[in-house]
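> Provided herewith is a single structure, encoded as structure tokens, for subsequent inquiry.
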Amino acid sequence: ILAKRNLAETTRYRYGREIKLARAARVNLLDATAVSEYAANLPNSRKMFLRAAVGVLADELTQAAKAQATPDNVAGMQAVLWRVEALKGSIQVQTKKGQQAHTWLNLAEVRALLTSLTDDTTTKAMRDKVVLGLLLGAGLRREELASLTWRDIKQQGERMVLNITGKGKKRRVIPIHDKLVALLMTWAEVVGQTGFIARSVTKGGELGKSISGQGILDIVDSYGQRLGKEKLRPHDLRRTYARIGYDAGIDIGQISKLLGHSNITTTQRYLGLQINLKKTVSDFVPF
């Protein structure tokens, strides 16, 4: 698998070495728990190489699963993809002081976050699910979510979209999932379709007219703690939206536009990507 990748010789050697050492220790590299327990005792430098190597393996498994997908084996394929997602998040590398960590949730964590509110029909729970749904399902900044109104939801062709005014008053259009639309329509039955979508809710269940960015941060932090994710932030859910799209094969240029980034370099940093200077698109242009 490593031989197929366009890696520097030293990088390929280090990745291969960590894979061999893990196998020698009889670690099942397809078992996220086993990989996590093994990696916990490694120095940070080795964790980084093992995580990268496992990431390559996970990407290959994803491609293989998608290539073999048929309408009859969708459930089995989805199970493989969930397992791969768990594998990708199995190795935690300690971040150096002063270095910003790239944090996002895997698909299993996203599902756990959203389904944790399924049976709760209180006004607060419904509001929370709308907030989490818009952060995860539209990649909004918290300020954008706080200022989002019902007039910003439009029908465009076959899809419902959000008309967002972001940083620098730049406008962008974000298509949203039918289930997110249904969630919003259910919420509209509670609050009406005028004014701001996200609202504050008192302990007694009374609705305010709007919600602050801090209020949105507090909601995300609260549910992050339920997942065991300390200091989960709205931006982490925005990054999760981007990562899910990237892993699903969405073009990075499209992801960049959906996020409202001024350039793709910002999006690459979001996703924890590095530009491949050895092989790039320009190499294939017939000059």
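Residues are named by chain letter and number: chains run A, B, ... in the order of the structure tokens, numbers start at 1 in each chain, and ligands are numbered from 1 in the order shown.
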Once DSSP has gone over the backbone, tell me which residues of stretch 31-191 of chain A are in strand (DSSP E or B), as a ChimeraX atom specification.
/A:149,153-156,159-165,171-175
> Store the residues picked out above, limited to N, CA and C atoms, as a JSON list (two decimals), in the first residue's frame.

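Written out: again13.json:
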[["chain", "number", "residue", "atom", "x", "y", "z"],
["A", 149, "THR", "N", -31.24, 34.16, 9.73],
["A", 149, "THR", "CA", -32.69, 34.36, 9.85],
["A", 149, "THR", "C", -33.43, 33.41, 8.92],
["A", 153, "ILE", "N", -33.09, 31.18, 4.30],
["A", 153, "ILE", "CA", -33.33, 29.84, 3.75],
["A", 153, "ILE", "C", -34.15, 29.98, 2.47],
["A", 154, "LYS", "N", -33.61, 29.46, 1.38],
["A", 154, "LYS", "CA", -34.27, 29.61, 0.08],
["A", 154, "LYS", "C", -34.30, 28.28, -0.67],
["A", 155, "GLN", "N", -35.27, 28.16, -1.56],
["A", 155, "GLN", "CA", -35.30, 27.03, -2.48],
["A", 155, "GLN", "C", -34.52, 27.43, -3.73],
["A", 156, "GLN", "N", -33.54, 26.62, -4.10],
["A", 156, "GLN", "CA", -32.76, 26.90, -5.31],
["A", 156, "GLN", "C", -32.68, 25.62, -6.13],
["A", 159, "ARG", "N", -32.76, 21.93, -4.45],
["A", 159, "ARG", "CA", -32.23, 21.93, -3.09],
["A", 159, "ARG", "C", -32.64, 23.16, -2.31],
["A", 160, "MET", "N", -32.72, 22.99, -1.00],
["A", 160, "MET", "CA", -32.84, 24.14, -0.12],
["A", 160, "MET", "C", -31.42, 24.61, 0.19],
["A", 161, "VAL", "N", -31.25, 25.91, 0.25],
["A", 161, "VAL", "CA", -29.91, 26.47, 0.49],
["A", 161, "VAL", "C", -29.98, 27.55, 1.56],
["A", 162, "LEU", "N", -28.81, 27.83, 2.13],
["A", 162, "LEU", "CA", -28.67, 28.96, 3.05],
["A", 162, "LEU", "C", -27.93, 30.07, 2.33],
["A", 163, "ASN", "N", -28.44, 31.27, 2.39],
["A", 163, "ASN", "CA", -27.74, 32.44, 1.86],
["A", 163, "ASN", "C", -27.00, 33.10, 3.02],
["A", 164, "ILE", "N", -25.69, 32.97, 3.02],
["A", 164, "ILE", "CA", -24.88, 33.41, 4.15],
["A", 164, "ILE", "C", -24.08, 34.66, 3.80],
["A", 165, "THR", "N", -24.06, 35.60, 4.72],
["A", 165, "THR", "CA", -23.17, 36.76, 4.61],
["A", 165, "THR", "C", -22.09, 36.57, 5.66],
["A", 171, "ARG", "N", -20.73, 37.04, 0.39],
["A", 171, "ARG", "CA", -21.91, 36.17, 0.34],
["A", 171, "ARG", "C", -21.56, 34.80, -0.24],
["A", 172, "ARG", "N", -22.20, 33.79, 0.28],
["A", 172, "ARG", "CA", -22.03, 32.45, -0.28],
["A", 172, "ARG", "C", -23.33, 31.67, -0.11],
["A", 173, "VAL", "N", -23.49, 30.65, -0.92],
["A", 173, "VAL", "CA", -24.69, 29.81, -0.89],
["A", 173, "VAL", "C", -24.29, 28.40, -0.45],
["A", 174, "ILE", "N", -25.00, 27.87, 0.53],
["A", 174, "ILE", "CA", -24.67, 26.54, 1.06],
["A", 174, "ILE", "C", -25.88, 25.62, 0.92],
["A", 175, "PRO", "N", -25.82, 24.60, 0.05],
["A", 175, "PRO", "CA", -26.89, 23.60, -0.04],
["A", 175, "PRO", "C", -26.93, 22.78, 1.24]]
> Name all residues at most 10 Å from A:Leu148 (count only C-alpha atoms; drop same-chain ones fewer than 3 positions away) and give them as JSON, numbers by chain.
{"A": [140, 142, 143, 144, 145, 151, 152, 153, 162, 163, 164, 165, 195, 196, 197, 198, 210]}
> Mind listing the helix (DSSP H, G or I) residues of stretch 33-199 of chain A, per DSSP on the backbone, as a ChimeraX atom specification?
/A:33-39,44-67,74-88,107-115,123-138,142-146,150-152,167-169,178-191
> Taking only C-alpha atoms into account, name the residue in A:Ala65, A:Ala24, A:Leu237, A:Ala138 that is nearest to A:Leu113.
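The shortest atom-to-atom distance to A:Leu113 comes from A:Leu237.
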> With only C-alpha atoms as the atoms that count, which of A:Asn263, A:Asn44, A:Thr103, A:Thr202 lies nearest to A:His235?
A:Thr103
> With only C-alpha atoms as the counted atoms, please give the residues lying no more than 10 Å from stretch 264-267 of chain A, apart from itself and same-chain residues fewer than 3 positions off, as a ChimeraX atom specification.
/A:239,242-243,252-257,259-261,270-275
